[in-house]
$ cat upload-v5.cif   # mmCIF, C-alpha atoms
data_target
loop_
_atom_site.label_atom_id
_atom_site.label_comp_id
_atom_site.auth_asym_id
_atom_site.auth_seq_id
_atom_site.Cartn_x
_atom_site.Cartn_y
_atom_site.Cartn_z
CA MET F 185 4.88 10.53 -6.47
CA LEU F 186 3.34 13.96 -5.84
CA TYR F 187 6.73 15.52 -5.12
CA ALA F 188 8.32 13.67 -8.04
CA LEU F 189 5.71 15.25 -10.34
CA LEU F 190 6.43 18.71 -8.92
CA MET F 191 10.15 18.24 -9.54
CA ALA F 192 9.48 16.88 -13.04
CA CYS F 193 7.58 20.13 -13.72
CA LEU F 194 10.61 22.08 -12.50
CA LEU F 195 12.91 20.00 -14.70
CA ALA F 196 10.66 20.78 -17.68
CA CYS F 197 10.84 24.47 -16.70
CA LEU F 198 14.65 24.34 -16.63
CA MET F 199 14.79 22.61 -20.02
CA ALA F 200 12.37 25.16 -21.52
CA ASN F 201 14.53 27.89 -20.00
CA TRP F 202 17.63 26.32 -21.56
CA ALA F 203 15.93 26.22 -24.96
CA GLY F 204 14.85 29.85 -24.61
CA HIS F 205 11.20 28.78 -24.85
CA TRP F 206 8.40 31.06 -23.61
CA SER F 207 6.85 28.27 -21.50
CA ALA F 208 9.61 28.38 -18.85
CA THR F 209 7.93 31.02 -16.67
CA PRO F 210 4.40 29.48 -16.77
CA LEU F 211 5.88 26.07 -15.88
CA PHE F 212 7.73 27.67 -12.97
CA LEU F 213 4.54 29.34 -11.72
CA ILE F 214 2.59 26.06 -12.03
CA ALA F 215 5.24 24.26 -9.95
CA LEU F 216 5.26 27.13 -7.42
CA VAL F 217 1.48 27.17 -6.96
CA ALA F 218 1.33 23.35 -6.83
CA THR F 219 4.04 23.26 -4.16
CA ALA F 220 2.22 25.96 -2.18
CA ILE F 221 -1.00 23.90 -2.37
CA ALA F 222 0.92 20.76 -1.28
CA PHE F 223 2.32 22.75 1.67
CA VAL F 224 -1.11 24.03 2.71
CA ALA F 225 -2.48 20.47 2.42
CA ASP F 226 0.40 19.25 4.62
CA VAL F 227 -0.23 21.96 7.22
CA THR F 228 -3.98 21.25 7.39
CA THR F 229 -3.58 17.45 7.61
CA PRO F 230 -3.11 16.08 11.14
CA LEU F 231 0.34 14.57 11.65
CA THR F 232 0.57 10.82 12.09
CA ILE F 233 3.50 11.13 14.50
CA SER F 234 3.57 12.48 18.02
CA LEU F 235 5.90 15.45 18.50
CA MET B 203 28.22 45.63 -14.03
CA ARG B 204 27.42 42.75 -16.43
CA GLY B 205 30.26 40.73 -14.94
CA LEU B 206 29.08 41.48 -11.41
CA TYR B 207 25.54 40.32 -12.19
CA LEU B 208 26.80 37.14 -13.85
CA PHE B 209 29.15 36.41 -10.94
CA ALA B 210 26.38 37.02 -8.39
CA ASN B 211 23.94 34.71 -10.16
CA LEU B 212 26.61 32.06 -10.65
CA ALA B 213 27.56 32.23 -6.96
CA ILE B 214 23.93 32.08 -5.79
CA ALA B 215 23.17 29.07 -8.01
CA TRP B 216 26.24 27.14 -6.82
CA VAL B 217 25.66 27.97 -3.14
CA LEU B 218 22.11 26.60 -3.45
CA LEU B 219 23.42 23.52 -5.29
CA ALA B 220 26.02 22.99 -2.55
CA ALA B 221 23.30 23.20 0.12
CA LEU B 222 21.21 20.64 -1.79
CA ALA B 223 24.25 18.37 -2.14
CA GLY B 224 24.80 18.74 1.63
CA ALA B 225 21.21 17.61 2.23
CA PHE B 226 21.89 14.52 0.08
CA PHE B 227 25.08 13.87 2.06
CA VAL B 228 23.13 13.94 5.35
CA GLN B 229 20.43 11.74 3.79
CA PHE B 230 22.87 8.98 2.86
CA ALA B 231 25.75 9.44 5.33
CA ALA B 232 23.50 9.76 8.41
CA GLY B 233 20.81 7.47 6.98
CA GLU B 234 18.03 10.04 7.36
CA PRO B 235 15.42 9.92 4.60
CA PRO B 236 13.84 13.38 4.16
CA CYS B 237 10.34 14.06 5.52
CA PRO B 238 7.63 15.73 3.37
CA LEU B 239 8.52 19.22 4.67
CA CYS B 240 12.22 18.55 3.98
CA VAL B 241 11.41 17.49 0.41
CA MET B 242 9.27 20.59 -0.11
CA GLN B 243 12.17 22.75 1.13
CA ARG B 244 14.45 21.03 -1.39
CA ILE B 245 11.90 21.71 -4.13
CA ALA B 246 11.73 25.39 -3.14
CA MET B 247 15.53 25.58 -3.07
CA MET B 248 15.82 24.11 -6.56
CA MET B 249 13.06 26.50 -7.64
CA ALA B 250 15.07 29.39 -6.17
CA ALA B 251 18.12 28.23 -8.18
CA ILE B 252 16.13 28.39 -11.43
CA GLY B 253 16.05 32.21 -11.19
CA PRO B 254 19.85 32.64 -11.37
CA CYS B 255 20.01 29.90 -14.03
CA LEU B 256 17.51 31.88 -16.11
CA VAL B 257 19.76 34.96 -15.97
CA LEU B 258 22.83 32.91 -16.95
CA LEU B 259 21.13 30.99 -19.77
CA ALA B 260 19.33 34.06 -21.15
CA ALA B 261 22.64 35.95 -21.46
CA GLU B 262 23.42 34.15 -24.73
CA GLN B 263 20.05 34.75 -26.42
CA TYR B 264 18.75 37.99 -24.88
CA GLY B 265 21.77 39.49 -23.09
CA VAL B 266 22.13 40.39 -19.42
CA THR B 267 19.30 42.91 -19.39
CA PRO B 268 17.22 44.50 -16.62
CA ARG B 269 14.30 42.36 -17.90
CA THR B 270 16.10 39.02 -17.43
CA ILE B 271 17.65 40.08 -14.11
CA GLY B 272 14.25 41.28 -12.86
CA LEU B 273 12.60 38.03 -13.93
CA GLY B 274 15.33 35.86 -12.38
CA ALA B 275 15.33 37.80 -9.10
CA GLY B 276 11.52 37.81 -9.00
CA LEU B 277 11.30 34.04 -9.45
CA ALA B 278 14.01 33.57 -6.80
CA ILE B 279 12.10 35.77 -4.33
CA LEU B 280 8.79 33.93 -4.92
CA ALA B 281 10.44 30.52 -4.47
CA SER B 282 12.39 31.70 -1.42
CA LEU B 283 9.25 33.10 0.25
CA LEU B 284 7.55 29.72 -0.18
CA GLY B 285 10.68 27.90 1.03
CA ALA B 286 10.98 30.20 4.05
CA ALA B 287 7.32 29.57 4.96
CA ILE B 288 7.91 25.79 4.81
CA SER B 289 11.13 25.87 6.83
CA ILE B 290 9.64 28.22 9.45
CA ARG B 291 6.69 25.82 9.75
CA GLN B 292 9.16 23.00 10.47
CA ILE B 293 11.12 25.12 12.96
CA LEU B 294 7.87 25.90 14.81
CA LEU B 295 6.96 22.18 14.94
CA HIS B 296 10.11 21.58 16.99
CA ILE B 297 10.28 24.77 19.02
CA LEU B 298 8.98 23.41 22.33
CA PRO B 299 11.56 22.95 25.10
CA GLY B 300 12.84 19.38 25.23
CA ASP B 301 12.13 18.68 21.55
CA ARG B 302 15.37 17.46 19.97
CA GLY B 303 14.22 18.40 16.46
CA PHE B 304 13.97 16.29 13.31
CA GLY B 305 17.23 14.63 12.31
CA GLU B 306 20.75 15.48 13.36
CA ALA B 307 22.00 19.06 13.79
CA VAL B 308 24.76 20.28 11.46
CA LEU B 309 27.08 22.94 12.93
CA GLY B 310 24.60 23.54 15.74
CA TYR B 311 21.48 24.00 13.62
CA HIS B 312 19.08 21.54 12.05
CA LEU B 313 18.84 21.46 8.26
CA TYR B 314 15.46 23.25 8.22
CA THR B 315 16.95 26.13 10.25
CA TRP B 316 19.84 26.39 7.78
CA ALA B 317 17.26 26.32 4.99
CA ALA B 318 15.37 29.27 6.55
CA ILE B 319 18.66 31.22 6.77
CA ALA B 320 19.49 30.34 3.14
CA PHE B 321 16.06 31.47 1.92
CA ALA B 322 16.36 34.77 3.82
CA CYS B 323 19.84 35.38 2.35
CA ASN B 324 18.52 34.54 -1.12
CA ILE B 325 15.73 37.09 -0.79
CA ALA B 326 18.29 39.69 0.32
CA ALA B 327 20.58 38.85 -2.63
CA ALA B 328 17.69 39.11 -5.10
CA GLY B 329 16.62 42.44 -3.56
CA ALA B 330 20.18 43.80 -3.90
CA GLN B 331 20.21 42.79 -7.57
CA LEU B 332 16.92 44.59 -8.17
CA VAL B 333 18.22 47.76 -6.46
CA GLY B 334 21.36 47.61 -8.65
CA LEU B 335 19.18 47.79 -11.78
CA ALA B 336 18.79 51.54 -11.15
CA TRP B 337 22.41 51.94 -12.35
CA TYR B 338 22.40 49.27 -15.06
CA ALA B 339 21.27 49.70 -18.66
CA GLY B 340 21.88 46.14 -19.90
CA LYS B 341 24.32 44.51 -22.32
CA PRO B 342 23.85 42.81 -25.73
CA PRO B 343 23.65 38.99 -26.04
CA GLU B 344 26.85 37.13 -25.26
CA PRO B 345 27.25 33.67 -23.70
CA ALA B 346 27.79 33.64 -19.94
CA PRO B 347 30.64 31.49 -18.63
CA LEU B 348 29.56 28.24 -16.92
CA ALA B 349 25.87 28.89 -17.73
CA ARG B 350 25.30 25.45 -19.27
CA THR B 351 27.41 23.69 -16.64
CA THR B 352 25.33 25.30 -13.89
CA ALA B 353 22.05 24.43 -15.61
CA ALA B 354 23.26 20.85 -16.17
CA ALA B 355 24.21 20.54 -12.48
CA LEU B 356 20.74 21.78 -11.47
CA ALA B 357 19.08 19.36 -13.92
CA LEU B 358 21.17 16.54 -12.41
CA MET B 359 20.15 17.62 -8.90
CA LEU B 360 16.47 17.63 -9.92
CA ALA B 361 16.79 14.16 -11.48
CA ALA B 362 18.57 12.83 -8.37
CA ASN B 363 15.85 14.23 -6.11
CA ILE B 364 13.11 12.73 -8.30
CA ALA B 365 14.84 9.32 -8.03
CA SER B 366 15.23 9.76 -4.26
CA VAL B 367 11.56 10.64 -3.73
CA VAL B 368 10.34 7.78 -5.93
CA ALA B 369 12.58 5.37 -3.98
CA GLU B 370 11.34 6.77 -0.68
CA ALA B 371 7.61 6.88 -1.45
CA GLY B 372 7.40 3.70 -3.54
CA PRO B 373 3.96 3.40 -5.15
CA ALA B 374 2.38 5.75 -2.55
CA TRP B 375 1.10 9.19 -3.58
CA LYS B 376 2.51 10.89 -0.45
CA LEU B 377 5.58 10.45 1.71
CA PRO B 378 5.16 9.17 5.28
CA ASP B 379 5.33 11.95 7.93
CA ASN B 380 8.26 10.29 9.66
CA PRO B 381 10.08 8.20 7.05
CA THR B 382 12.50 5.57 8.30
CA GLY B 383 13.47 3.89 5.04
CA TYR B 384 12.78 3.45 1.34
CA LEU B 385 9.46 1.91 0.30
CA LEU B 386 10.26 1.18 -3.37
CA LYS B 387 10.76 -2.55 -3.85
CA LEU B 388 12.52 -3.66 -7.02
CA GLY B 389 11.82 -7.21 -8.24
#
$ encode --input "upload-v5.cif" --output "structure tokens"
Amino acid sequence: MLYALLMACLLACLMANWAGHWSATPLFLIALVATAIAFVADVTTPLTISL
Amino acid sequence: MRGLYLFANLAIAWVLLAALAGAFFVQFAAGEPPCPLCVMQRIAMMMAAIGPCLVLLAAEQYGVTPRTIGLGAGLAILASLLGAAISIRQILLHILPGDRGFGEAVLGYHLYTWAAIAFACNIAAAGAQLVGLAWYAGKPPEPAPLARTTAAALALMLAANIASVVAEAGPAWKLPDNPTGYLLKLG
């Protein structure tokens, strides 16, 4: 669900972009920062599989 | 130069879309549901495609100007840096001798290695566009060919990935580290 929300934010960004709305860039940056946080959380969480 | 910028952004967007379609093909043809890092790389790749889409869509309203090209290339670089960090993380997870990597290799490399190459090329392409701005003054608004088709294809790709992730994660907040199937149960 977390990743679905991130992609929904990107979809909203694309639609805002399409409509020429000012909110496209802030939505992009929100999705970017949220994905970066999700990545850091993934890196700092111990894996549940053995490599 | 306007035509060159439009062609470059169109080509970049469609190459990224083709790579994402290839990931879907591997997901369904080889029966390999994507892991969390794979999904994050897809998100970064779709994010990187939004930059070129911005340039194409803005051509009609604002024109192909140094401002829109700079914004599109900047967004593409930011997304590609994040995507490269994620794919390099996954490469390093499987770098030890004897590790066969996650999933099947395609043309000798795993998908996350191809993703790292794609992100590096995207950063280079965006950098070249920014350098070219030194010789480009901009053009007045005029619709760009295939702009809406490209944006629609990206929107479709985003919707398909949302559906895929919801099917894979089911009601869970996060994806399993090593997914083997789809957790969403209907009915």
$ closest_residue --input "upload-v5.cif" --among "B:Ile319, B:Met242, B:Ala213, B:Leu206" --to "chain F" --atoms "all atoms listed in the file"
B:Met242
$ residues_near_point --input "upload-v5.cif" --point "(-0.2, 16.2, -3.0)" --cutoff "8 Å" --atoms "all atoms listed in the file" --output "ChimeraX atom specification"
/F:186-187,221-222,225 /B:375-376
$ write_last_selection --input "upload-v5.cif" --atoms "C-alpha atoms" --output "mmCIF file, in the frame of the given file"
data_model
loop_
_atom_site.group_PDB
_atom_site.id
_atom_site.type_symbol
_atom_site.label_atom_id
_atom_site.label_comp_id
_atom_site.auth_asym_id
_atom_site.auth_seq_id
_atom_site.Cartn_x
_atom_site.Cartn_y
_atom_site.Cartn_z
ATOM 1 C CA LEU F 186 3.340 13.960 -5.840
ATOM 2 C CA TYR F 187 6.730 15.520 -5.120
ATOM 3 C CA ILE F 221 -1.000 23.900 -2.370
ATOM 4 C CA ALA F 222 0.920 20.760 -1.280
ATOM 5 C CA ALA F 225 -2.480 20.470 2.420
ATOM 6 C CA TRP B 375 1.100 9.190 -3.580
ATOM 7 C CA LYS B 376 2.510 10.890 -0.450
#
$ interface_residues --input "upload-v5.cif" --of "chain B" --to "chain F" --cutoff "9 Å" --atoms "only C-alpha atoms" --output "PDB file with C-alpha atoms, keeping the file's coordinate frame"
ATOM      1  CA  PRO B 238       7.630  15.730   3.370  1.00  0.00           C
ATOM      2  CA  LEU B 239       8.520  19.220   4.670  1.00  0.00           C
ATOM      3  CA  VAL B 241      11.410  17.490   0.410  1.00  0.00           C
ATOM      4  CA  MET B 242       9.270  20.590  -0.110  1.00  0.00           C
ATOM      5  CA  ILE B 245      11.900  21.710  -4.130  1.00  0.00           C
ATOM      6  CA  ALA B 246      11.730  25.390  -3.140  1.00  0.00           C
ATOM      7  CA  MET B 248      15.820  24.110  -6.560  1.00  0.00           C
ATOM      8  CA  MET B 249      13.060  26.500  -7.640  1.00  0.00           C
ATOM      9  CA  ILE B 252      16.130  28.390 -11.430  1.00  0.00           C
ATOM     10  CA  CYS B 255      20.010  29.900 -14.030  1.00  0.00           C
ATOM     11  CA  LEU B 256      17.510  31.880 -16.110  1.00  0.00           C
ATOM     12  CA  LEU B 259      21.130  30.990 -19.770  1.00  0.00           C
ATOM     13  CA  ALA B 260      19.330  34.060 -21.150  1.00  0.00           C
ATOM     14  CA  GLN B 263      20.050  34.750 -26.420  1.00  0.00           C
ATOM     15  CA  LEU B 273      12.600  38.030 -13.930  1.00  0.00           C
ATOM     16  CA  LEU B 277      11.300  34.040  -9.450  1.00  0.00           C
ATOM     17  CA  LEU B 280       8.790  33.930  -4.920  1.00  0.00           C
ATOM     18  CA  ALA B 281      10.440  30.520  -4.470  1.00  0.00           C
ATOM     19  CA  LEU B 284       7.550  29.720  -0.180  1.00  0.00           C
ATOM     20  CA  ILE B 288       7.910  25.790   4.810  1.00  0.00           C
ATOM     21  CA  ARG B 291       6.690  25.820   9.750  1.00  0.00           C
ATOM     22  CA  LEU B 295       6.960  22.180  14.940  1.00  0.00           C
ATOM     23  CA  HIS B 296      10.110  21.580  16.990  1.00  0.00           C
ATOM     24  CA  ASP B 301      12.130  18.680  21.550  1.00  0.00           C
ATOM     25  CA  ARG B 350      25.300  25.450 -19.270  1.00  0.00           C
ATOM     26  CA  ALA B 353      22.050  24.430 -15.610  1.00  0.00           C
ATOM     27  CA  LEU B 356      20.740  21.780 -11.470  1.00  0.00           C
ATOM     28  CA  ALA B 357      19.080  19.360 -13.920  1.00  0.00           C
ATOM     29  CA  LEU B 360      16.470  17.630  -9.920  1.00  0.00           C
ATOM     30  CA  ALA B 361      16.790  14.160 -11.480  1.00  0.00           C
ATOM     31  CA  ASN B 363      15.850  14.230  -6.110  1.00  0.00           C
ATOM     32  CA  ILE B 364      13.110  12.730  -8.300  1.00  0.00           C
ATOM     33  CA  ALA B 365      14.840   9.320  -8.030  1.00  0.00           C
ATOM     34  CA  SER B 366      15.230   9.760  -4.260  1.00  0.00           C
ATOM     35  CA  VAL B 367      11.560  10.640  -3.730  1.00  0.00           C
ATOM     36  CA  VAL B 368      10.340   7.780  -5.930  1.00  0.00           C
ATOM     37  CA  ALA B 371       7.610   6.880  -1.450  1.00  0.00           C
ATOM     38  CA  GLY B 372       7.400   3.700  -3.540  1.00  0.00           C
ATOM     39  CA  PRO B 373       3.960   3.400  -5.150  1.00  0.00           C
ATOM     40  CA  ALA B 374       2.380   5.750  -2.550  1.00  0.00           C
ATOM     41  CA  TRP B 375       1.100   9.190  -3.580  1.00  0.00           C
ATOM     42  CA  LYS B 376       2.510  10.890  -0.450  1.00  0.00           C
ATOM     43  CA  LEU B 377       5.580  10.450   1.710  1.00  0.00           C
ATOM     44  CA  PRO B 378       5.160   9.170   5.280  1.00  0.00           C
ATOM     45  CA  ASP B 379       5.330  11.950   7.930  1.00  0.00           C
ATOM     46  CA  ASN B 380       8.260  10.290   9.660  1.00  0.00           C
TER      47      ASN B 380
END
$ residues_around --input "upload-v5.cif" --residues "region 216-219 of chain B" --least-positions-apart "2" --cutoff "9 Å" --atoms "all atoms listed in the file" --output "MDAnalysis selection string"
chainID B and resid 211:214 221:224 247:248 250:251 320 352 355:356 359
$ residues_around --input "upload-v5.cif" --residues "region 308-316 of chain B" --least-positions-apart "2" --cutoff "8 Å" --atoms "all atoms listed in the file" --output "PyMOL selection string"
chain B and resi 225+240+243+289-290+292-293+303-306+318-320
$ atom_distance --input "upload-v5.cif" --atom1 "CA of Tyr264 (chain B)" --atom2 "CA of Trp206 (chain F)"
12.5 Å
$ decode --input "upload-v5.cif" --residues "region 196-208 of chain F" --atoms "all heavy atoms" --output "PDB file, in the first residue's frame"
ATOM      1  N   ALA F 196      -0.869  11.780  -9.712  1.00  0.00           N
ATOM      2  CA  ALA F 196      -1.453  13.109  -9.494  1.00  0.00           C
ATOM      3  C   ALA F 196      -0.525  14.190 -10.051  1.00  0.00           C
ATOM      4  O   ALA F 196      -0.989  15.174 -10.651  1.00  0.00           O
ATOM      5  CB  ALA F 196      -1.694  13.327  -8.009  1.00  0.00           C
ATOM      6  N   CYS F 197       0.790  13.988  -9.874  1.00  0.00           N
ATOM      7  CA  CYS F 197       1.780  14.934 -10.399  1.00  0.00           C
ATOM      8  C   CYS F 197       1.685  15.009 -11.920  1.00  0.00           C
ATOM      9  O   CYS F 197       1.680  16.097 -12.502  1.00  0.00           O
ATOM     10  CB  CYS F 197       3.178  14.485  -9.959  1.00  0.00           C
ATOM     11  SG  CYS F 197       4.508  15.245 -10.876  1.00  0.00           S
ATOM     12  N   LEU F 198       1.569  13.840 -12.560  1.00  0.00           N
ATOM     13  CA  LEU F 198       1.490  13.800 -14.030  1.00  0.00           C
ATOM     14  C   LEU F 198       0.215  14.497 -14.516  1.00  0.00           C
ATOM     15  O   LEU F 198       0.241  15.255 -15.496  1.00  0.00           O
ATOM     16  CB  LEU F 198       1.540  12.340 -14.504  1.00  0.00           C
ATOM     17  CG  LEU F 198       1.523  12.135 -16.008  1.00  0.00           C
ATOM     18  CD1 LEU F 198       2.779  12.698 -16.648  1.00  0.00           C
ATOM     19  CD2 LEU F 198       1.391  10.657 -16.355  1.00  0.00           C
ATOM     20  N   MET F 199      -0.889  14.242 -13.811  1.00  0.00           N
ATOM     21  CA  MET F 199      -2.162  14.864 -14.211  1.00  0.00           C
ATOM     22  C   MET F 199      -2.096  16.388 -14.033  1.00  0.00           C
ATOM     23  O   MET F 199      -2.587  17.143 -14.873  1.00  0.00           O
ATOM     24  CB  MET F 199      -3.315  14.280 -13.375  1.00  0.00           C
ATOM     25  CG  MET F 199      -3.637  12.827 -13.688  1.00  0.00           C
ATOM     26  SD  MET F 199      -4.109  12.607 -15.412  1.00  0.00           S
ATOM     27  CE  MET F 199      -2.819  11.573 -16.018  1.00  0.00           C
ATOM     28  N   ALA F 200      -1.473  16.831 -12.921  1.00  0.00           N
ATOM     29  CA  ALA F 200      -1.328  18.275 -12.687  1.00  0.00           C
ATOM     30  C   ALA F 200      -0.444  18.890 -13.772  1.00  0.00           C
ATOM     31  O   ALA F 200      -0.707  19.994 -14.271  1.00  0.00           O
ATOM     32  CB  ALA F 200      -0.728  18.518 -11.310  1.00  0.00           C
ATOM     33  N   ASN F 201       0.589  18.141 -14.142  1.00  0.00           N
ATOM     34  CA  ASN F 201       1.499  18.555 -15.206  1.00  0.00           C
ATOM     35  C   ASN F 201       0.734  18.718 -16.519  1.00  0.00           C
ATOM     36  O   ASN F 201       0.901  19.706 -17.243  1.00  0.00           O
ATOM     37  CB  ASN F 201       2.547  17.442 -15.319  1.00  0.00           C
ATOM     38  CG  ASN F 201       3.752  17.859 -16.087  1.00  0.00           C
ATOM     39  OD1 ASN F 201       3.737  18.882 -16.762  1.00  0.00           O
ATOM     40  ND2 ASN F 201       4.793  17.076 -15.996  1.00  0.00           N
ATOM     41  N   TRP F 202      -0.105  17.736 -16.808  1.00  0.00           N
ATOM     42  CA  TRP F 202      -0.916  17.716 -18.027  1.00  0.00           C
ATOM     43  C   TRP F 202      -1.831  18.944 -18.070  1.00  0.00           C
ATOM     44  O   TRP F 202      -2.007  19.589 -19.099  1.00  0.00           O
ATOM     45  CB  TRP F 202      -1.751  16.431 -18.059  1.00  0.00           C
ATOM     46  CG  TRP F 202      -2.250  16.050 -19.419  1.00  0.00           C
ATOM     47  CD1 TRP F 202      -2.645  16.899 -20.413  1.00  0.00           C
ATOM     48  CD2 TRP F 202      -2.391  14.722 -19.931  1.00  0.00           C
ATOM     49  NE1 TRP F 202      -3.034  16.180 -21.506  1.00  0.00           N
ATOM     50  CE2 TRP F 202      -2.905  14.851 -21.248  1.00  0.00           C
ATOM     51  CE3 TRP F 202      -2.175  13.450 -19.415  1.00  0.00           C
ATOM     52  CZ2 TRP F 202      -3.174  13.746 -22.037  1.00  0.00           C
ATOM     53  CZ3 TRP F 202      -2.456  12.351 -20.208  1.00  0.00           C
ATOM     54  CH2 TRP F 202      -2.939  12.493 -21.505  1.00  0.00           C
ATOM     55  N   ALA F 203      -2.404  19.268 -16.899  1.00  0.00           N
ATOM     56  CA  ALA F 203      -3.336  20.394 -16.827  1.00  0.00           C
ATOM     57  C   ALA F 203      -2.599  21.737 -16.743  1.00  0.00           C
ATOM     58  O   ALA F 203      -3.243  22.782 -16.707  1.00  0.00           O
ATOM     59  CB  ALA F 203      -4.230  20.211 -15.604  1.00  0.00           C
ATOM     60  N   GLY F 204      -1.283  21.697 -16.693  1.00  0.00           N
ATOM     61  CA  GLY F 204      -0.508  22.938 -16.596  1.00  0.00           C
ATOM     62  C   GLY F 204      -0.632  23.583 -15.232  1.00  0.00           C
ATOM     63  O   GLY F 204      -0.469  24.793 -15.085  1.00  0.00           O
ATOM     64  N   HIS F 205      -0.946  22.780 -14.202  1.00  0.00           N
ATOM     65  CA  HIS F 205      -1.169  23.320 -12.859  1.00  0.00           C
ATOM     66  C   HIS F 205       0.158  23.474 -12.124  1.00  0.00           C
ATOM     67  O   HIS F 205       1.072  22.667 -12.299  1.00  0.00           O
ATOM     68  CB  HIS F 205      -2.101  22.375 -12.084  1.00  0.00           C
ATOM     69  CG  HIS F 205      -2.758  23.015 -10.904  1.00  0.00           C
ATOM     70  ND1 HIS F 205      -2.248  22.921  -9.642  1.00  0.00           N
ATOM     71  CD2 HIS F 205      -3.872  23.768 -10.807  1.00  0.00           C
ATOM     72  CE1 HIS F 205      -3.033  23.590  -8.811  1.00  0.00           C
ATOM     73  NE2 HIS F 205      -4.032  24.110  -9.486  1.00  0.00           N
ATOM     74  N   TRP F 206       0.235  24.493 -11.262  1.00  0.00           N
ATOM     75  CA  TRP F 206       1.481  24.786 -10.539  1.00  0.00           C
ATOM     76  C   TRP F 206       1.876  23.656  -9.578  1.00  0.00           C
ATOM     77  O   TRP F 206       3.044  23.521  -9.227  1.00  0.00           O
ATOM     78  CB  TRP F 206       1.351  26.093  -9.749  1.00  0.00           C
ATOM     79  CG  TRP F 206       0.315  26.022  -8.660  1.00  0.00           C
ATOM     80  CD1 TRP F 206      -1.002  26.327  -8.772  1.00  0.00           C
ATOM     81  CD2 TRP F 206       0.516  25.566  -7.312  1.00  0.00           C
ATOM     82  NE1 TRP F 206      -1.646  26.096  -7.602  1.00  0.00           N
ATOM     83  CE2 TRP F 206      -0.746  25.639  -6.674  1.00  0.00           C
ATOM     84  CE3 TRP F 206       1.611  25.111  -6.583  1.00  0.00           C
ATOM     85  CZ2 TRP F 206      -0.929  25.266  -5.351  1.00  0.00           C
ATOM     86  CZ3 TRP F 206       1.428  24.737  -5.258  1.00  0.00           C
ATOM     87  CH2 TRP F 206       0.166  24.808  -4.651  1.00  0.00           C
ATOM     88  N   SER F 207       0.901  22.846  -9.144  1.00  0.00           N
ATOM     89  CA  SER F 207       1.189  21.851  -8.100  1.00  0.00           C
ATOM     90  C   SER F 207       1.998  20.652  -8.595  1.00  0.00           C
ATOM     91  O   SER F 207       2.365  19.789  -7.800  1.00  0.00           O
ATOM     92  CB  SER F 207      -0.118  21.365  -7.478  1.00  0.00           C
ATOM     93  OG  SER F 207      -0.913  20.757  -8.473  1.00  0.00           O
ATOM     94  N   ALA F 208       2.279  20.570  -9.902  1.00  0.00           N
ATOM     95  CA  ALA F 208       2.997  19.397 -10.430  1.00  0.00           C
ATOM     96  C   ALA F 208       4.365  19.223  -9.778  1.00  0.00           C
ATOM     97  O   ALA F 208       4.706  18.127  -9.325  1.00  0.00           O
ATOM     98  CB  ALA F 208       3.142  19.514 -11.944  1.00  0.00           C
TER      99      ALA F 208
END
